[in-house]
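Colleague: My questions all concern the structure below.
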Amino acid sequence: MAEPPTDCTEDQDQEAANPEKSVSQSKKLQKLRKAYEKKGIVYVSRIPPHMKPQKLRQLLEQYGSIGRLYCAPEDPALRKQRKQKGGNTGKNFTEGWVEFEDKAVAKQVATMLNNNPIGGKRRSAYHYDLWSLKYLPKFKWDLLTEEIAYQNAIREQKLAAEISAAKRERDFYMGQVDKAKGIEAMKERKRKREDAAEGQPAGSHAEPTALRAAPPPTDKAPAKSEPGSKRKRILRTYGQKKAKADSSADNATATLSSDFLALVGGQQ
């Protein structure tokens with residue numbers, strides 16, 4: 001049989017030896033639970049510009065005891081854009097949550113200050129701003145921390161997805177660049193081969209020497225014609241002697257033979 005863990009047995013022995021200590025611990029836990037259940041949360045939907053968390057605590061502490069306070073900072077992109085346009089260069093906050101030690105006081109403060117001027121010194125930048133407060137019933141600080149952790153996890157996942165997408169785009173781009181370089185190198189080699197072939201005599205690059213047929217023998221070597229030019233047609237002429245006229249025939253009169261006349265007249 002397996003022996004029970006020594007830690008459990010030691011705790012049981014200590015509780016059995018000190019029953020008063022265990023009772024006091026349970027009382028402390030109950031007291032802390034009651035104090036936790038007694039706390040109330042007030043939501044600040046808008047924090048005026050230039051107001052810091054310390055100033056917000058100072059303004060609300062005069063109405064009741066405050067425990068924890070959290071202010072959400074603005075988007076860094078908006079802050080950068082505001083700086084570029086020459087606006088406020090400080091860090092602003094958009095919304096906040098304030099934990100009062102007593103939820104009755106929290107509810108009373110939210111009802112009393114909502115839509116009322118913040119007040120304070122007239123020189124302050126938020127003297128004429130209005131409070132935007134709302135009491136959140138059945139809302140505890142643990143829910144806020146869980147929501148913040150959840151938003152942080154979502155932000156990290158989005159950032160990781162964007163990074164992976166950027167890496168894929170970079171790899172695809174580099175692959176296309178290497179492919180284009182290879183194609184360009186092939187074209188350059190082909191161009192060099194064509195240039196080298198054009199520099200050789202005509203017919204030297206058409207076939208290998210062993211496979212070329214011997215040209216027929218000719219008396220004269222054919223004239224080299226430039227590529228692209230038409231061959232001119234050559235017409236050969238042969239000289240002939242002129243016939244000489246008979247002087248005796250020119251002086252005699254033309255006569256017809258008797259046979260020819262008999263043939264024409266039908267007489268044989």
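By convention in this document, the chains of the structure tokens carry letters A, B, ... by their order, each chain's residues are numbered from 1, and ligands are numbered from 1 in the order they are shown.
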Using DSSP secondary structure from the backbone, list all alpha helix (DSSP H) positions within segment 109-151 of chain A, as a ChimeraX atom specification.

Modeller: /A:109-113,141-151

Colleague: Contacts of segment 29-45 of chain A at 6 Å or less, counting only C-alpha atoms, minus same-chain residues fewer than 5 places along, as a list in words?

Modeller: Glu95, Gly96, Trp97, Val98, Glu99, Phe100, Glu101, Asp102, Lys103, Ala106, Ser132, Leu133, Lys134, Tyr135 and Leu136 of chain A

Colleague: Save the residues we just selected, N, CA and C atoms, as a compact mmCIF listing (two decimals), in the first residue's frame?

Modeller:
```
# COMPACT_ATOMS: atom_id res chain seq x y z
N GLU A 95 -9.60 55.98 -20.08
CA GLU A 95 -10.61 55.52 -19.13
C GLU A 95 -9.92 54.94 -17.90
N GLY A 96 -10.72 54.74 -16.83
CA GLY A 96 -10.12 54.24 -15.60
C GLY A 96 -11.14 53.54 -14.72
N TRP A 97 -10.62 52.80 -13.72
CA TRP A 97 -11.43 52.09 -12.74
C TRP A 97 -10.88 52.42 -11.35
N VAL A 98 -11.78 52.77 -10.46
CA VAL A 98 -11.39 53.17 -9.09
C VAL A 98 -12.10 52.24 -8.11
N GLU A 99 -11.33 51.66 -7.20
CA GLU A 99 -11.87 50.73 -6.20
C GLU A 99 -12.02 51.46 -4.86
N PHE A 100 -13.24 51.63 -4.40
CA PHE A 100 -13.53 52.21 -3.09
C PHE A 100 -13.62 51.09 -2.06
N GLU A 101 -13.21 51.40 -0.84
CA GLU A 101 -13.25 50.39 0.22
C GLU A 101 -14.67 50.05 0.63
N ASP A 102 -15.61 50.97 0.40
CA ASP A 102 -17.02 50.74 0.73
C ASP A 102 -17.84 50.95 -0.53
N LYS A 103 -18.61 49.95 -0.93
CA LYS A 103 -19.39 50.07 -2.15
C LYS A 103 -20.54 51.06 -2.01
N ALA A 106 -18.92 54.25 -2.87
CA ALA A 106 -18.66 54.28 -4.31
C ALA A 106 -19.93 54.63 -5.09
N SER A 132 -17.38 61.83 -15.58
CA SER A 132 -18.15 60.77 -16.27
C SER A 132 -17.95 59.49 -15.47
N LEU A 133 -18.76 59.33 -14.43
CA LEU A 133 -18.61 58.21 -13.49
C LEU A 133 -19.84 57.31 -13.54
N LYS A 134 -19.60 56.02 -13.28
CA LYS A 134 -20.68 55.05 -13.22
C LYS A 134 -20.30 53.95 -12.23
N TYR A 135 -21.22 53.67 -11.33
CA TYR A 135 -20.99 52.59 -10.37
C TYR A 135 -21.30 51.24 -11.03
N LEU A 136 -20.41 50.25 -10.82
CA LEU A 136 -20.55 48.93 -11.41
C LEU A 136 -20.95 47.94 -10.32
```

Colleague: What does the distance between atom CA of Arg57 of chain A and atom CA of Tyr70 of chain A come to in Å, to one decimal place?

Modeller: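 Computed distance, atom CA of Arg57 of chain A to atom CA of Tyr70 of chain A, equals 10.0 Å.
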
Colleague: Quick check for you: according to DSSP on this backbone, which residues of segment 18-231 of chain A are classed as strand (DSSP E)? Reply as a ChimeraX atom specification.

Modeller: /A:40-44,66-73,93-100,133-136

Colleague: Give me the residues of segment 105-189 of chain A that have any atom at most 12 Å from an atom of segment 65-68 of chain A; for each, the nearest atom pair and the distance in Å, rounded to one decimal. Use only C-alpha atoms, sort by chain and number, and format it as a tab-separated table.

Modeller:
```
residue	atom	partner	partner_atom	distance
A:Val105	CA	A:Ser65	CA	8.6
A:Ala106	CA	A:Ile66	CA	9.2
A:Val109	CA	A:Ser65	CA	11.2
A:Lys140	CA	A:Arg68	CA	11.3
A:Trp141	CA	A:Arg68	CA	8.5
A:Asp142	CA	A:Arg68	CA	11.4
A:Leu144	CA	A:Arg68	CA	11.4
A:Thr145	CA	A:Arg68	CA	11.6
```

Colleague: Could you save the residues just selected, with C-alpha atoms, as an mmCIF file, in the first residue's frame?

Modeller:
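To be explicit, this is the file written out as out_21.cif:
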```cif
data_model
loop_
_atom_site.group_PDB
_atom_site.id
_atom_site.type_symbol
_atom_site.label_atom_id
_atom_site.label_comp_id
_atom_site.auth_asym_id
_atom_site.auth_seq_id
_atom_site.Cartn_x
_atom_site.Cartn_y
_atom_site.Cartn_z
ATOM 1 C CA VAL A 105 -19.602 55.221 -0.730
ATOM 2 C CA ALA A 106 -18.662 54.280 -4.311
ATOM 3 C CA VAL A 109 -19.798 59.280 -5.191
ATOM 4 C CA LYS A 140 -14.893 43.022 -8.628
ATOM 5 C CA TRP A 141 -11.287 43.865 -9.270
ATOM 6 C CA ASP A 142 -10.444 40.280 -10.243
ATOM 7 C CA LEU A 144 -10.821 43.634 -14.375
ATOM 8 C CA THR A 145 -7.449 41.897 -14.081
#
```
